[in-house]
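Raw contents of data_36.cif, mmCIF, C-alpha atoms:
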```
data_structure
loop_
_atom_site.label_atom_id
_atom_site.label_comp_id
_atom_site.auth_asym_id
_atom_site.auth_seq_id
_atom_site.Cartn_x
_atom_site.Cartn_y
_atom_site.Cartn_z
CA MET G 1 -45.63 -36.91 44.82
CA THR G 2 -48.32 -37.39 47.47
CA THR G 3 -47.47 -37.55 51.17
CA ALA G 4 -49.87 -39.01 53.74
CA ILE G 5 -49.57 -37.67 57.27
CA ILE G 6 -51.23 -39.34 60.26
CA PRO G 7 -51.75 -36.91 63.18
CA SER G 8 -51.53 -38.78 66.46
CA ARG G 9 -51.90 -37.45 70.00
CA PHE G 10 -51.81 -39.36 73.26
CA GLY G 11 -54.48 -37.42 75.13
CA SER G 12 -58.14 -38.25 74.62
CA GLU G 13 -61.05 -37.50 76.94
CA ARG G 14 -62.65 -40.89 76.39
CA PHE G 15 -59.62 -43.06 75.61
CA LYS G 16 -56.22 -41.87 76.83
CA GLY G 17 -53.31 -43.44 74.97
CA LYS G 18 -55.59 -44.61 72.16
CA PRO G 19 -52.92 -44.68 69.40
CA LEU G 20 -50.93 -47.26 71.38
CA ALA G 21 -53.88 -49.54 72.15
CA LEU G 22 -53.25 -53.03 70.81
CA ILE G 23 -55.46 -54.36 68.04
CA SER G 24 -54.81 -58.05 67.42
CA GLY G 25 -51.29 -57.64 68.77
CA LYS G 26 -50.26 -54.40 67.04
CA PRO G 27 -50.53 -50.77 68.21
CA MET G 28 -53.42 -49.02 66.49
CA ILE G 29 -51.13 -46.36 65.01
CA GLN G 30 -49.07 -49.11 63.34
CA ARG G 31 -52.19 -50.61 61.74
CA VAL G 32 -53.20 -47.19 60.37
CA TYR G 33 -49.70 -46.75 58.95
CA GLU G 34 -49.72 -50.17 57.31
CA GLN G 35 -53.08 -49.58 55.65
CA ALA G 36 -51.95 -46.19 54.34
CA SER G 37 -48.80 -47.72 52.90
CA LYS G 38 -50.86 -50.04 50.70
CA ALA G 39 -52.39 -47.20 48.66
CA LYS G 40 -51.07 -47.10 45.10
CA ASN G 41 -50.87 -43.31 44.80
CA ILE G 42 -49.26 -42.53 48.16
CA SER G 43 -45.51 -41.95 47.89
CA ARG G 44 -44.68 -41.44 51.55
CA VAL G 45 -46.39 -42.01 54.90
CA VAL G 46 -45.39 -40.06 58.02
CA ILE G 47 -46.79 -39.99 61.56
CA ALA G 48 -46.99 -36.60 63.29
CA THR G 49 -47.22 -36.55 67.08
CA ASP G 50 -46.54 -34.40 70.13
CA ASN G 51 -45.94 -37.34 72.47
CA ASN G 52 -42.68 -39.14 73.26
CA GLN G 53 -44.36 -42.51 73.85
CA ILE G 54 -45.97 -42.46 70.42
CA PHE G 55 -42.74 -41.19 68.85
CA ASP G 56 -40.77 -44.08 70.40
CA ALA G 57 -43.41 -46.65 69.47
CA VAL G 58 -43.26 -45.60 65.81
CA LYS G 59 -39.49 -45.78 65.86
CA ASN G 60 -39.80 -49.30 67.27
CA PHE G 61 -41.68 -50.46 64.19
CA ASN G 62 -39.19 -48.60 61.99
CA ARG G 63 -41.41 -45.99 60.38
CA GLU G 64 -41.09 -42.25 59.77
CA VAL G 65 -42.31 -39.90 62.50
CA VAL G 66 -41.98 -36.18 63.25
CA MET G 67 -42.50 -34.31 66.51
CA THR G 68 -44.93 -31.39 66.41
CA SER G 69 -46.15 -28.74 68.85
CA THR G 70 -48.46 -29.58 71.74
CA ASN G 71 -50.71 -26.51 71.43
CA LEU G 72 -52.36 -27.16 68.05
CA ARG G 73 -56.11 -26.72 67.50
CA SER G 74 -56.81 -29.81 65.44
CA GLY G 75 -55.44 -32.69 63.43
CA THR G 76 -55.43 -30.47 60.34
CA ASP G 77 -53.15 -27.98 62.08
CA ARG G 78 -50.83 -30.80 63.14
CA VAL G 79 -50.69 -32.06 59.56
CA ALA G 80 -49.91 -28.54 58.34
CA GLU G 81 -47.04 -28.16 60.78
CA ALA G 82 -45.66 -31.59 59.89
CA ALA G 83 -45.87 -30.79 56.17
CA SER G 84 -43.78 -27.67 56.77
CA ILE G 85 -41.23 -29.63 58.82
CA LEU G 86 -41.00 -32.12 55.95
CA GLU G 87 -40.55 -29.21 53.48
CA ILE G 88 -43.30 -30.45 51.17
CA ASN G 89 -43.63 -28.31 48.05
CA SER G 90 -46.61 -25.97 47.79
CA ASN G 91 -48.02 -27.71 44.69
CA GLU G 92 -47.90 -31.24 46.14
CA ILE G 93 -50.86 -33.12 47.61
CA VAL G 94 -50.97 -33.82 51.34
CA VAL G 95 -53.33 -36.47 52.72
CA ASN G 96 -54.59 -36.34 56.30
CA ILE G 97 -55.43 -39.78 57.74
CA GLN G 98 -57.16 -40.14 61.10
CA GLY G 99 -55.13 -42.17 63.56
CA ASP G 100 -58.16 -43.95 65.01
CA GLN G 101 -59.47 -45.64 61.85
CA PRO G 102 -57.18 -48.68 61.75
CA VAL G 103 -59.06 -50.94 59.34
CA PHE G 104 -59.84 -48.67 56.41
CA ASN G 105 -59.51 -50.03 52.89
CA SER G 106 -56.41 -48.48 51.29
CA LYS G 107 -58.37 -47.97 48.05
CA VAL G 108 -60.16 -45.02 49.65
CA LEU G 109 -56.92 -43.00 49.57
CA ASP G 110 -56.64 -43.44 45.82
CA GLU G 111 -60.31 -42.38 45.51
CA LEU G 112 -59.60 -39.35 47.69
CA ILE G 113 -56.77 -38.13 45.44
CA LEU G 114 -58.58 -38.70 42.15
CA PRO G 115 -60.45 -35.33 42.04
CA PHE G 116 -57.12 -33.47 41.93
CA GLU G 117 -56.19 -35.38 38.79
CA LYS G 118 -59.49 -34.51 37.11
CA ASP G 119 -59.75 -30.84 38.07
CA GLU G 120 -56.75 -28.59 38.70
CA ASP G 121 -58.95 -26.11 40.59
CA ILE G 122 -59.69 -28.58 43.41
CA GLU G 123 -57.89 -27.50 46.60
CA MET G 124 -59.38 -29.86 49.19
CA ALA G 125 -61.23 -33.17 49.10
CA THR G 126 -62.75 -35.63 51.54
CA LEU G 127 -64.76 -38.88 51.63
CA ALA G 128 -68.32 -39.92 52.46
CA PHE G 129 -70.00 -43.29 52.88
CA LYS G 130 -73.71 -43.97 52.39
CA ILE G 131 -75.05 -44.95 55.79
CA ARG G 132 -76.36 -48.50 56.10
CA ASN G 133 -76.65 -48.72 59.88
CA LYS G 134 -79.65 -46.57 60.86
CA GLU G 135 -78.20 -45.93 64.34
CA GLU G 136 -75.46 -43.83 62.74
CA ILE G 137 -78.01 -41.34 61.38
CA THR G 138 -78.71 -39.89 64.84
CA ASN G 139 -75.50 -40.82 66.68
CA PRO G 140 -73.45 -37.62 67.22
CA LYS G 141 -70.15 -39.48 67.00
CA ASP G 142 -70.95 -40.26 63.35
CA VAL G 143 -70.59 -37.02 61.42
CA LYS G 144 -73.03 -36.51 58.56
CA VAL G 145 -72.38 -34.54 55.39
CA ILE G 146 -74.65 -33.07 52.73
CA PHE G 147 -73.35 -31.95 49.35
CA ASP G 148 -74.56 -30.22 46.21
CA GLN G 149 -75.17 -31.75 42.77
CA ASN G 150 -71.50 -31.25 41.91
CA TYR G 151 -70.40 -33.10 45.07
CA PHE G 152 -69.14 -30.06 46.94
CA ALA G 153 -69.88 -30.08 50.66
CA ILE G 154 -72.73 -27.88 51.89
CA TYR G 155 -72.42 -28.71 55.59
CA PHE G 156 -71.07 -31.27 58.06
CA SER G 157 -72.90 -31.98 61.31
CA ARG G 158 -73.15 -34.35 64.23
CA ALA G 159 -76.91 -33.94 63.89
CA GLN G 160 -79.22 -35.72 61.47
CA ILE G 161 -78.96 -33.91 58.14
CA PRO G 162 -81.07 -33.62 56.13
CA TYR G 163 -84.04 -33.81 58.47
CA PRO G 164 -87.22 -34.99 56.69
CA ARG G 165 -90.16 -32.88 57.84
CA ASP G 166 -92.60 -35.18 56.09
CA ASN G 167 -92.58 -38.84 57.06
CA ASP G 168 -93.10 -40.02 53.49
CA ILE G 169 -89.67 -38.73 52.44
CA LYS G 170 -86.83 -41.19 52.98
CA PRO G 171 -83.56 -39.44 52.13
CA ASP G 172 -80.17 -41.06 51.85
CA TYR G 173 -77.72 -40.18 54.59
CA TYR G 174 -73.98 -39.95 54.20
CA LYS G 175 -71.39 -40.39 56.92
CA HIS G 176 -68.27 -38.31 56.68
CA LEU G 177 -65.09 -40.38 56.81
CA GLY G 178 -62.21 -38.50 58.40
CA PHE G 179 -59.82 -38.44 55.47
CA TYR G 180 -58.74 -35.22 53.77
CA ALA G 181 -56.49 -34.29 50.88
CA TYR G 182 -55.24 -30.79 50.19
CA LYS G 183 -52.84 -28.93 48.01
CA LYS G 184 -50.01 -27.98 50.37
CA SER G 185 -50.53 -24.29 49.59
CA PHE G 186 -54.20 -24.56 50.60
CA LEU G 187 -53.36 -26.51 53.75
CA ASP G 188 -51.13 -23.62 54.82
CA LYS G 189 -53.94 -21.18 54.09
CA ILE G 190 -56.60 -22.92 56.21
CA SER G 191 -54.19 -23.55 59.10
CA ASN G 192 -53.76 -19.77 59.31
CA LEU G 193 -57.50 -19.07 59.43
CA ASP G 194 -59.22 -18.15 62.67
CA SER G 195 -61.34 -20.90 64.18
CA GLY G 196 -64.89 -20.79 62.86
CA LYS G 197 -68.08 -20.24 64.81
CA TYR G 198 -69.62 -23.54 63.73
CA GLU G 199 -66.28 -25.32 63.99
CA ASN G 200 -66.27 -24.45 67.69
CA ILE G 201 -69.91 -25.43 68.18
CA GLU G 202 -69.76 -28.81 66.44
CA LYS G 203 -66.05 -29.46 67.10
CA LEU G 204 -65.53 -30.21 63.41
CA GLU G 205 -62.40 -28.63 61.93
CA GLN G 206 -63.60 -28.95 58.33
CA LEU G 207 -66.31 -26.36 59.04
CA ARG G 208 -63.55 -23.75 59.30
CA VAL G 209 -63.02 -24.20 55.57
CA LEU G 210 -66.70 -23.82 54.63
CA GLU G 211 -67.20 -20.84 56.93
CA ALA G 212 -64.33 -19.06 55.21
CA GLY G 213 -66.03 -19.55 51.85
CA PHE G 214 -63.84 -22.31 50.42
CA LYS G 215 -65.00 -25.54 48.77
CA ILE G 216 -64.47 -29.17 49.77
CA LYS G 217 -64.95 -31.84 47.11
CA VAL G 218 -66.72 -34.98 48.38
CA THR G 219 -66.10 -38.43 46.94
CA VAL G 220 -68.61 -41.13 47.88
CA THR G 221 -66.82 -44.41 48.51
CA GLU G 222 -68.18 -47.94 48.85
CA HIS G 223 -65.76 -48.65 51.70
CA ASP G 224 -66.61 -47.81 55.30
CA ALA G 225 -63.86 -46.92 57.79
CA PRO G 226 -65.02 -47.74 61.33
CA GLY G 227 -63.18 -45.88 64.06
CA VAL G 228 -62.17 -46.35 67.68
CA ASP G 229 -63.71 -43.86 70.12
CA ILE G 230 -63.74 -45.80 73.38
CA PRO G 231 -61.92 -48.94 74.66
CA GLU G 232 -65.00 -51.07 74.02
CA ASP G 233 -64.63 -50.41 70.28
CA ILE G 234 -61.42 -52.47 70.13
CA LYS G 235 -63.24 -55.81 70.10
CA LYS G 236 -65.53 -54.63 67.30
CA ILE G 237 -62.54 -53.51 65.26
CA GLU G 238 -60.80 -56.84 65.79
CA ARG G 239 -63.89 -58.67 64.52
CA TYR G 240 -64.05 -56.34 61.52
CA LEU G 241 -60.35 -56.89 60.87
CA LYS G 242 -60.77 -60.65 60.87
CA THR G 243 -63.81 -60.57 58.59
CA ASN G 244 -62.84 -57.87 56.10
CA LEU G 245 -59.05 -57.67 56.03
CA GLY G 246 -57.85 -60.94 57.44
#
```
As structure tokens, the full file:
Amino acid sequence: MTTAIIPSRFGSERFKGKPLALISGKPMIQRVYEQASKAKNISRVVIATDNNQIFDAVKNFNREVVMTSTNLRSGTDRVAEAASILEINSNEIVVNIQGDQPVFNSKVLDELILPFEKDEDIEMATLAFKIRNKEEITNPKDVKVIFDQNYFAIYFSRAQIPYPRDNDIKPDYYKHLGFYAYKKSFLDKISNLDSGKYENIEKLEQLRVLEAGFKIKVTVTEHDAPGVDIPEDIKKIERYLKTNLG
């Protein structure tokens, strides 16, 4: 059994109340839930929040939601707390879905889970997308990832990585998509780790895992998952929705 948990908080420095923003008539958190529910290998989808408005909104569209603490460091920590509330078994897979990527292709969740079926030693996995829009290479809101020949993450950064010293080298760049899958036992382990030095510098929770010496398997997907960072992104998402999912 695989459970997907969508961490959702009301506060945001650039877009307060973002999960409840309407996208073509539906709250964004509802659209994320509906996309997650389409994945073939997801058994259950739950929203985890610390906000009464979000909690009530989810209840209004008749979906499962749990209330979590307000003083959590990251979405991963919220997912870990929700997984414990839900009493998910230690050997089950938990999927963490970002609440601000409302138009992702549900196939990416099946791709995300696949490494666990192929290798029993995998404890955590994530997704990457080969960058096509050159602006994303240097934009700090688009997180880049580099990985080794076995597709294990080496580093995640808001900076341009790798950086070609010589102009005649044209490397491929990969954008990290904010989806994670973990064995529940490993999720508990990383939620109990101290925050990492580079996690705090880059504000990227996945760096906590690498700094502690653990591995993250990276699957490269053909499906992008554009996100909503500021109110102006809503119109772009609605156009994407109409073109790609409508």
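Near Asn96 of chain G, within 8 Å and counting all atoms listed in the file, sit Ala4, Ile5, Ile6, Pro7, Thr76, Val79, Phe179, Tyr180 and Ala181 of chain G, not including residues fewer than 3 positions from it in the same chain.
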Could you expand the PyMOL selection byres ((chain G and resi 8-18) around 6) into the explicit residues it covers here, written as an MDAnalysis selection string?
chainID G and resid 7 19:21 48:49 99 230
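Residue nearest Lys141 of chain G, chosen from G:Gly75, G:Gly25, G:Pro102, G:Gly178 and counting only C-alpha atoms: G:Gly178.
Considering the residues G:Tyr33, G:Phe55, G:Tyr198, G:Tyr173 and counting only C-alpha atoms, Asp100 of chain G has its shortest atom-to-atom contact with G:Tyr33.
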Starting from the shown file, work through the PyMOL selection byres ((chain G and resi 144) around 7) and note down what comes out as a ChimeraX atom specification.
/G:142-143,145-146,156-158,160-161,174-176
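Closest approach to Leu72 of chain G among G:Asp50, G:Asp166, G:Asp110, G:Asp229 is made by G:Asp50 (distances from all atoms listed in the file).
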Pick from G:Phe214, G:Phe186, G:Tyr155, G:Phe147, whichever lies nearest to Asn91 of chain G using all atoms listed in the file:
G:Phe186
Applying 12 Å and only C-alpha atoms, which residues near Asp148 of chain G remain after dropping the ones on its own chain fewer than 2 positions away? List them as a ChimeraX atom specification.
/G:145-146,150-155,215-219
Just write the chosen residues, C-alpha atoms, as a JSON list (two decimals), in the coordinates of the input.
```
[["chain", "number", "residue", "atom", "x", "y", "z"],
["G", 145, "VAL", "CA", -72.38, -34.54, 55.39],
["G", 146, "ILE", "CA", -74.65, -33.07, 52.73],
["G", 150, "ASN", "CA", -71.50, -31.25, 41.91],
["G", 151, "TYR", "CA", -70.40, -33.10, 45.07],
["G", 152, "PHE", "CA", -69.14, -30.06, 46.94],
["G", 153, "ALA", "CA", -69.88, -30.08, 50.66],
["G", 154, "ILE", "CA", -72.73, -27.88, 51.89],
["G", 155, "TYR", "CA", -72.42, -28.71, 55.59],
["G", 215, "LYS", "CA", -65.00, -25.54, 48.77],
["G", 216, "ILE", "CA", -64.47, -29.17, 49.77],
["G", 217, "LYS", "CA", -64.95, -31.84, 47.11],
["G", 218, "VAL", "CA", -66.72, -34.98, 48.38],
["G", 219, "THR", "CA", -66.10, -38.43, 46.94]]
```
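Taking atom CA of Thr70 of chain G and atom CA of Ile97 of chain G as the two end points, the separation is 18.7 Å.
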Give me the result of the PyMOL selection byres ((chain G and resi 199) around 12) on this file, residue by residue, as a PDB file with C-alpha atoms, keeping the file's coordinate frame.
```
ATOM      1  CA  ARG G  73     -56.110 -26.720  67.500  1.00  0.00           C
ATOM      2  CA  SER G  74     -56.810 -29.810  65.440  1.00  0.00           C
ATOM      3  CA  TYR G 155     -72.420 -28.710  55.590  1.00  0.00           C
ATOM      4  CA  PHE G 156     -71.070 -31.270  58.060  1.00  0.00           C
ATOM      5  CA  SER G 157     -72.900 -31.980  61.310  1.00  0.00           C
ATOM      6  CA  ARG G 158     -73.150 -34.350  64.230  1.00  0.00           C
ATOM      7  CA  LEU G 193     -57.500 -19.070  59.430  1.00  0.00           C
ATOM      8  CA  ASP G 194     -59.220 -18.150  62.670  1.00  0.00           C
ATOM      9  CA  SER G 195     -61.340 -20.900  64.180  1.00  0.00           C
ATOM     10  CA  GLY G 196     -64.890 -20.790  62.860  1.00  0.00           C
ATOM     11  CA  LYS G 197     -68.080 -20.240  64.810  1.00  0.00           C
ATOM     12  CA  TYR G 198     -69.620 -23.540  63.730  1.00  0.00           C
ATOM     13  CA  ASN G 200     -66.270 -24.450  67.690  1.00  0.00           C
ATOM     14  CA  ILE G 201     -69.910 -25.430  68.180  1.00  0.00           C
ATOM     15  CA  GLU G 202     -69.760 -28.810  66.440  1.00  0.00           C
ATOM     16  CA  LYS G 203     -66.050 -29.460  67.100  1.00  0.00           C
ATOM     17  CA  LEU G 204     -65.530 -30.210  63.410  1.00  0.00           C
ATOM     18  CA  GLU G 205     -62.400 -28.630  61.930  1.00  0.00           C
ATOM     19  CA  GLN G 206     -63.600 -28.950  58.330  1.00  0.00           C
ATOM     20  CA  LEU G 207     -66.310 -26.360  59.040  1.00  0.00           C
ATOM     21  CA  ARG G 208     -63.550 -23.750  59.300  1.00  0.00           C
ATOM     22  CA  VAL G 209     -63.020 -24.200  55.570  1.00  0.00           C
ATOM     23  CA  LEU G 210     -66.700 -23.820  54.630  1.00  0.00           C
ATOM     24  CA  GLU G 211     -67.200 -20.840  56.930  1.00  0.00           C
ATOM     25  CA  ALA G 212     -64.330 -19.060  55.210  1.00  0.00           C
TER      26      ALA G 212
END
```
